[in-house]
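For reference, the structure is listed below as structure tokens.
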Amino acid sequence: MSEPEVATPLRERTGHALRDPFLQQALTIATTRFIDLRREAFGDFPDGESLRDRARAIKEATLQRLDHHVERLVASVESRGGHVHYAVTAEEARAIVLDIARRSGARLAVKSKSMATEEIHLNEALATAGVTPVETDLGEYIIQLAHERPSHIIAPAIHKTRGQVAELFERELKRPAAPDPEALTAIAREELRRRFLDADLGITGANFAVAETGTVVLVTNEGNGRMVTSLPRVHVALMGVEKVIPSMSDLMVFLAVLARSATGQKLSVYTSLVSGPRRGGELEGPEEFHLVLLDNGRIAQIAGSLREALACLRCGACLNVCPVYRQIGGHAYGYTYPGPIGILLTAMLNGPRSVKDLAHASSLCGACADACPVRIDIPRMLIELRREVDERRIAPRGERAAFRALARLLVRPAWYRLTARVARVLQAPFVRGRTIRRVPFDLGEWTRTRDLPAVAPRTFQERWAALEREGR
Ligand code: SF4
């Protein structure tokens, strides 16, 4: 498994997040803005709904013949002078990148934003091997300075207010910083510029890789991606194997829905198409290009219960609309990928045991599925995961026993009627109006944050029987 279990329990992490006023303020401002921008972007886009269907259909068709498309991608990249590596596990992926770094004598690596490199904990591995990794996306740069992990798939520092960033810059960079986004960006740009020029290695993720042309596609809003792919001598792109798409015309479909879903833009500011190393006569580009395809649990899910999650574009729209994410932010999830899709990806990468609590961190309201550009039915898979957690006996014994008892009761009418009668008597000390306010012992966890309707004075069956007796 690629990640250790997180140390503190989910309840503690969420409690901490809910008590943090800065986090609450930052989350509300940022996610509300993202929601508004997305709504406007699709409101002005009559083809939006049909393109979402098309995007999903392409993903499905590609998954059905993934081996074919990957083979085609490998051939295309190699025909352009690039190298392709396949990593079954996170460990293998780290070893491949470290080997490339070692062979190229790299001491400094500049990185563009990449959740796949976060997934395999590449920065820690690089640092241990004597290669200094420098994040160059502004949000990633901020959290690297803060020694934190991303809290959102596309906005890694979404949990920080501008004031907190200014304080961080003053502390870490030892220079005055005003809490103004433009001023803070200028400071980061100045600090990073020389790093681009000094770096031996450029590391990126990939939003897509086009099988027919061997083109790796990076979608960003900052110019750092282009610097990372063109200035260092060696470029390594690491991506989940499911990111392969068949053709350039398919790419157009995804580009049309991706930026609208992520940031409400028609197109991101930079869409970079990287096709192998620099060739004779070209003015820029790396001397060496490596594409690392990462499995890490993905291939097993092609025929698994989380298959739909392989269509994810990592746009982040489901996080912005999720009522749970909007309250607790990304760090409380405890793993690399936060939000509703993050729960599924965590289960994919680490197994269902890792999400025995997280699988319940959803209201199942369906807002995520509505927002998803490829219409992934996240609530359905969360319910599946809850079932799996129960069947594999991962859930706490008391909870399993309670639901087993309830299931038996619901299919035995006589027992059900008897239980209702007994419960009516036992509930008396706890009923206020028509609600049970606080149940004692462990069951009190349920009523701590929810209303539990009291057993009615007369059940439906009792009322029905009475009506029949009265001949109505
Ligand atoms: S599940 Fe859908 S909405 Fe969520 S990040 Fe993936 S593509 Fe975007």
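Here's how to read the names in the structure tokens: chain A, B, ... by the order shown, residue numbers from 1 in each chain, ligand numbers from 1 in the order shown.
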
Would you kindly return, as a PyMOL selection string, each protein, DNA or RNA residue with an atom no farther than 6 Å from any atom of Leu108 (chain A), considering only C-alpha atoms and excluding same-chain residues fewer than 5 positions away? chain A and resi 131-132+199-200

Got a sec to check which residues lie within 7 Å of ligand 1, using only C-alpha atoms and all ligand atoms, and send them as JSON, numbers by chain? {"A": [309, 311, 312, 313, 314, 315, 316, 317, 318, 319, 341, 368, 371, 372, 373, 374, 375, 376]}

If you run DSSP over the backbone, which residues in region 257-292 of chain A end up helix (DSSP H, G or I)? Put them as a PyMOL selection string. chain A and resi 257-263

Can you pull out the residues contacting Arg278 (chain A)? Cut-off 6 Å, using only C-alpha atoms, and skip same-chain residues under 3 positions away; I want them as a list of chain:residue names.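 The residues that qualify are A:Gly285, A:Pro286, A:Glu287.
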
Given the selection you just returned, output its residues as a file containing C-alpha atoms, formatted as a short mmCIF file (atom, residue, chain, number, x, y, z; two decimals), in the first residue's frame.
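Printed below is again28.cif as written:
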data_model
loop_
_atom_site.label_atom_id
_atom_site.label_comp_id
_atom_site.auth_asym_id
_atom_site.auth_seq_id
_atom_site.Cartn_x
_atom_site.Cartn_y
_atom_site.Cartn_z
CA GLY A 285 12.66 21.62 -24.86
CA PRO A 286 14.51 19.02 -22.81
CA GLU A 287 17.25 16.76 -24.12
#

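CA of Ala146 (chain A) lies 7.0 Å from CA of Leu168 (chain A).
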
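Proximity of A:Leu310, A:Leu218, A:Val274, A:Ala454 to Arg438 (chain A), computed with only C-alpha atoms, is greatest for A:Ala454.
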
Enumerate the residues of region 86-300 of chain A with a DSSP assignment of strand (DSSP E), computed from the backbone, and present them as an mmCIF file with N, CA and C atoms, in the first residue's frame.
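New file states-v4.cif:
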data_model
loop_
_atom_site.group_PDB
_atom_site.id
_atom_site.type_symbol
_atom_site.label_atom_id
_atom_site.label_comp_id
_atom_site.auth_asym_id
_atom_site.auth_seq_id
_atom_site.Cartn_x
_atom_site.Cartn_y
_atom_site.Cartn_z
ATOM 1 N N TYR A 86 6.894 1.835 -16.847
ATOM 2 C CA TYR A 86 5.625 1.408 -16.250
ATOM 3 C C TYR A 86 5.876 1.045 -14.787
ATOM 4 N N ALA A 87 5.144 1.666 -13.893
ATOM 5 C CA ALA A 87 5.323 1.394 -12.461
ATOM 6 C C ALA A 87 4.062 0.736 -11.917
ATOM 7 N N LEU A 108 18.913 19.443 -8.331
ATOM 8 C CA LEU A 108 17.745 20.313 -8.110
ATOM 9 C C LEU A 108 16.660 19.960 -9.127
ATOM 10 N N ALA A 109 15.445 19.713 -8.624
ATOM 11 C CA ALA A 109 14.320 19.386 -9.513
ATOM 12 C C ALA A 109 13.225 20.425 -9.334
ATOM 13 N N VAL A 110 12.764 21.019 -10.423
ATOM 14 C CA VAL A 110 11.601 21.905 -10.329
ATOM 15 C C VAL A 110 10.372 21.107 -10.733
ATOM 16 N N LYS A 111 9.270 21.386 -10.032
ATOM 17 C CA LYS A 111 8.063 20.584 -10.251
ATOM 18 C C LYS A 111 6.877 21.462 -10.602
ATOM 19 N N THR A 132 17.011 18.230 -4.427
ATOM 20 C CA THR A 132 16.086 19.186 -3.807
ATOM 21 C C THR A 132 14.883 19.415 -4.720
ATOM 22 N N PRO A 133 13.666 19.055 -4.255
ATOM 23 C CA PRO A 133 12.491 19.336 -5.089
ATOM 24 C C PRO A 133 11.945 20.723 -4.774
ATOM 25 N N VAL A 134 11.627 21.480 -5.811
ATOM 26 C CA VAL A 134 11.042 22.813 -5.606
ATOM 27 C C VAL A 134 9.722 22.873 -6.358
ATOM 28 N N GLU A 135 8.639 23.077 -5.612
ATOM 29 C CA GLU A 135 7.323 23.218 -6.241
ATOM 30 C C GLU A 135 7.237 24.602 -6.862
ATOM 31 N N LEU A 201 16.417 18.928 -13.507
ATOM 32 C CA LEU A 201 15.315 18.001 -13.767
ATOM 33 C C LEU A 201 13.987 18.750 -13.652
ATOM 34 N N GLY A 202 13.081 18.524 -14.611
ATOM 35 C CA GLY A 202 11.732 19.084 -14.525
ATOM 36 C C GLY A 202 10.747 17.937 -14.356
ATOM 37 N N ILE A 203 9.886 18.033 -13.342
ATOM 38 C CA ILE A 203 8.930 16.952 -13.081
ATOM 39 C C ILE A 203 7.514 17.506 -13.155
ATOM 40 N N THR A 204 6.683 16.849 -13.939
ATOM 41 C CA THR A 204 5.284 17.272 -14.062
ATOM 42 C C THR A 204 4.370 16.058 -13.928
ATOM 43 N N PHE A 208 -3.632 14.575 -19.548
ATOM 44 C CA PHE A 208 -3.977 13.556 -20.547
ATOM 45 C C PHE A 208 -2.695 13.148 -21.263
ATOM 46 N N ALA A 209 -2.732 11.977 -21.884
ATOM 47 C CA ALA A 209 -1.668 11.603 -22.828
ATOM 48 C C ALA A 209 -2.376 11.033 -24.052
ATOM 49 N N VAL A 210 -2.092 11.595 -25.213
ATOM 50 C CA VAL A 210 -2.809 11.225 -26.436
ATOM 51 C C VAL A 210 -2.086 10.074 -27.120
ATOM 52 N N THR A 215 1.467 12.588 -27.272
ATOM 53 C CA THR A 215 1.524 13.943 -26.708
ATOM 54 C C THR A 215 1.035 13.944 -25.255
ATOM 55 N N VAL A 216 1.848 14.517 -24.376
ATOM 56 C CA VAL A 216 1.437 14.685 -22.979
ATOM 57 C C VAL A 216 0.852 16.091 -22.845
ATOM 58 N N VAL A 217 -0.334 16.165 -22.234
ATOM 59 C CA VAL A 217 -1.049 17.446 -22.174
ATOM 60 C C VAL A 217 -1.086 17.955 -20.733
ATOM 61 N N LEU A 218 -0.645 19.194 -20.559
ATOM 62 C CA LEU A 218 -0.673 19.830 -19.237
ATOM 63 C C LEU A 218 -1.601 21.024 -19.292
ATOM 64 N N VAL A 219 -2.545 21.063 -18.392
ATOM 65 C CA VAL A 219 -3.515 22.160 -18.353
ATOM 66 C C VAL A 219 -3.255 22.953 -17.078
ATOM 67 N N THR A 220 -2.816 24.204 -17.218
ATOM 68 C CA THR A 220 -2.475 25.004 -16.037
ATOM 69 C C THR A 220 -2.932 26.459 -16.228
ATOM 70 N N VAL A 234 16.309 17.529 -18.426
ATOM 71 C CA VAL A 234 15.521 16.284 -18.452
ATOM 72 C C VAL A 234 14.100 16.584 -17.945
ATOM 73 N N HIS A 235 13.112 16.053 -18.652
ATOM 74 C CA HIS A 235 11.721 16.205 -18.214
ATOM 75 C C HIS A 235 11.126 14.831 -17.928
ATOM 76 N N VAL A 236 10.574 14.686 -16.729
ATOM 77 C CA VAL A 236 9.859 13.452 -16.376
ATOM 78 C C VAL A 236 8.393 13.802 -16.157
ATOM 79 N N ALA A 237 7.502 13.122 -16.856
ATOM 80 C CA ALA A 237 6.052 13.295 -16.629
ATOM 81 C C ALA A 237 5.527 12.011 -16.000
ATOM 82 N N LEU A 238 4.851 12.156 -14.877
ATOM 83 C CA LEU A 238 4.297 10.988 -14.167
ATOM 84 C C LEU A 238 2.779 11.074 -14.208
ATOM 85 N N MET A 239 2.128 10.006 -14.644
ATOM 86 C CA MET A 239 0.649 10.066 -14.685
ATOM 87 C C MET A 239 0.036 8.705 -14.425
ATOM 88 N N GLY A 240 -1.167 8.718 -13.875
ATOM 89 C CA GLY A 240 -1.931 7.487 -13.722
ATOM 90 C C GLY A 240 -2.210 6.912 -15.103
ATOM 91 N N VAL A 244 -4.626 8.049 -20.251
ATOM 92 C CA VAL A 244 -4.452 7.957 -21.702
ATOM 93 C C VAL A 244 -5.794 8.162 -22.402
ATOM 94 N N ILE A 245 -5.760 8.920 -23.507
ATOM 95 C CA ILE A 245 -6.960 9.078 -24.345
ATOM 96 C C ILE A 245 -6.559 8.774 -25.793
ATOM 97 N N TYR A 270 -3.008 28.146 -19.868
ATOM 98 C CA TYR A 270 -1.983 27.415 -20.621
ATOM 99 C C TYR A 270 -2.441 25.983 -20.858
ATOM 100 N N THR A 271 -2.463 25.585 -22.118
ATOM 101 C CA THR A 271 -2.634 24.167 -22.442
ATOM 102 C C THR A 271 -1.364 23.765 -23.188
ATOM 103 N N SER A 272 -0.485 23.058 -22.518
ATOM 104 C CA SER A 272 0.818 22.726 -23.105
ATOM 105 C C SER A 272 0.802 21.316 -23.662
ATOM 106 N N LEU A 273 1.222 21.174 -24.897
ATOM 107 C CA LEU A 273 1.303 19.855 -25.536
ATOM 108 C C LEU A 273 2.780 19.491 -25.655
ATOM 109 N N VAL A 274 3.184 18.476 -24.936
ATOM 110 C CA VAL A 274 4.595 18.084 -24.916
ATOM 111 C C VAL A 274 4.752 16.803 -25.717
ATOM 112 N N GLU A 288 16.134 15.096 -22.771
ATOM 113 C CA GLU A 288 15.564 13.757 -22.499
ATOM 114 C C GLU A 288 14.130 13.914 -22.026
ATOM 115 N N PHE A 289 13.278 13.003 -22.487
ATOM 116 C CA PHE A 289 11.884 13.029 -22.016
ATOM 117 C C PHE A 289 11.484 11.630 -21.542
ATOM 118 N N HIS A 290 10.952 11.545 -20.339
ATOM 119 C CA HIS A 290 10.510 10.266 -19.779
ATOM 120 C C HIS A 290 9.053 10.373 -19.366
ATOM 121 N N LEU A 291 8.269 9.369 -19.741
ATOM 122 C CA LEU A 291 6.877 9.286 -19.297
ATOM 123 C C LEU A 291 6.751 8.074 -18.380
ATOM 124 N N VAL A 292 6.311 8.305 -17.146
ATOM 125 C CA VAL A 292 6.134 7.206 -16.194
ATOM 126 C C VAL A 292 4.637 6.941 -16.037
ATOM 127 N N LEU A 293 4.208 5.743 -16.410
ATOM 128 C CA LEU A 293 2.796 5.353 -16.281
ATOM 129 C C LEU A 293 2.620 4.618 -14.964
ATOM 130 N N LEU A 294 1.697 5.121 -14.148
ATOM 131 C CA LEU A 294 1.533 4.595 -12.788
ATOM 132 C C LEU A 294 0.259 3.770 -12.675
#
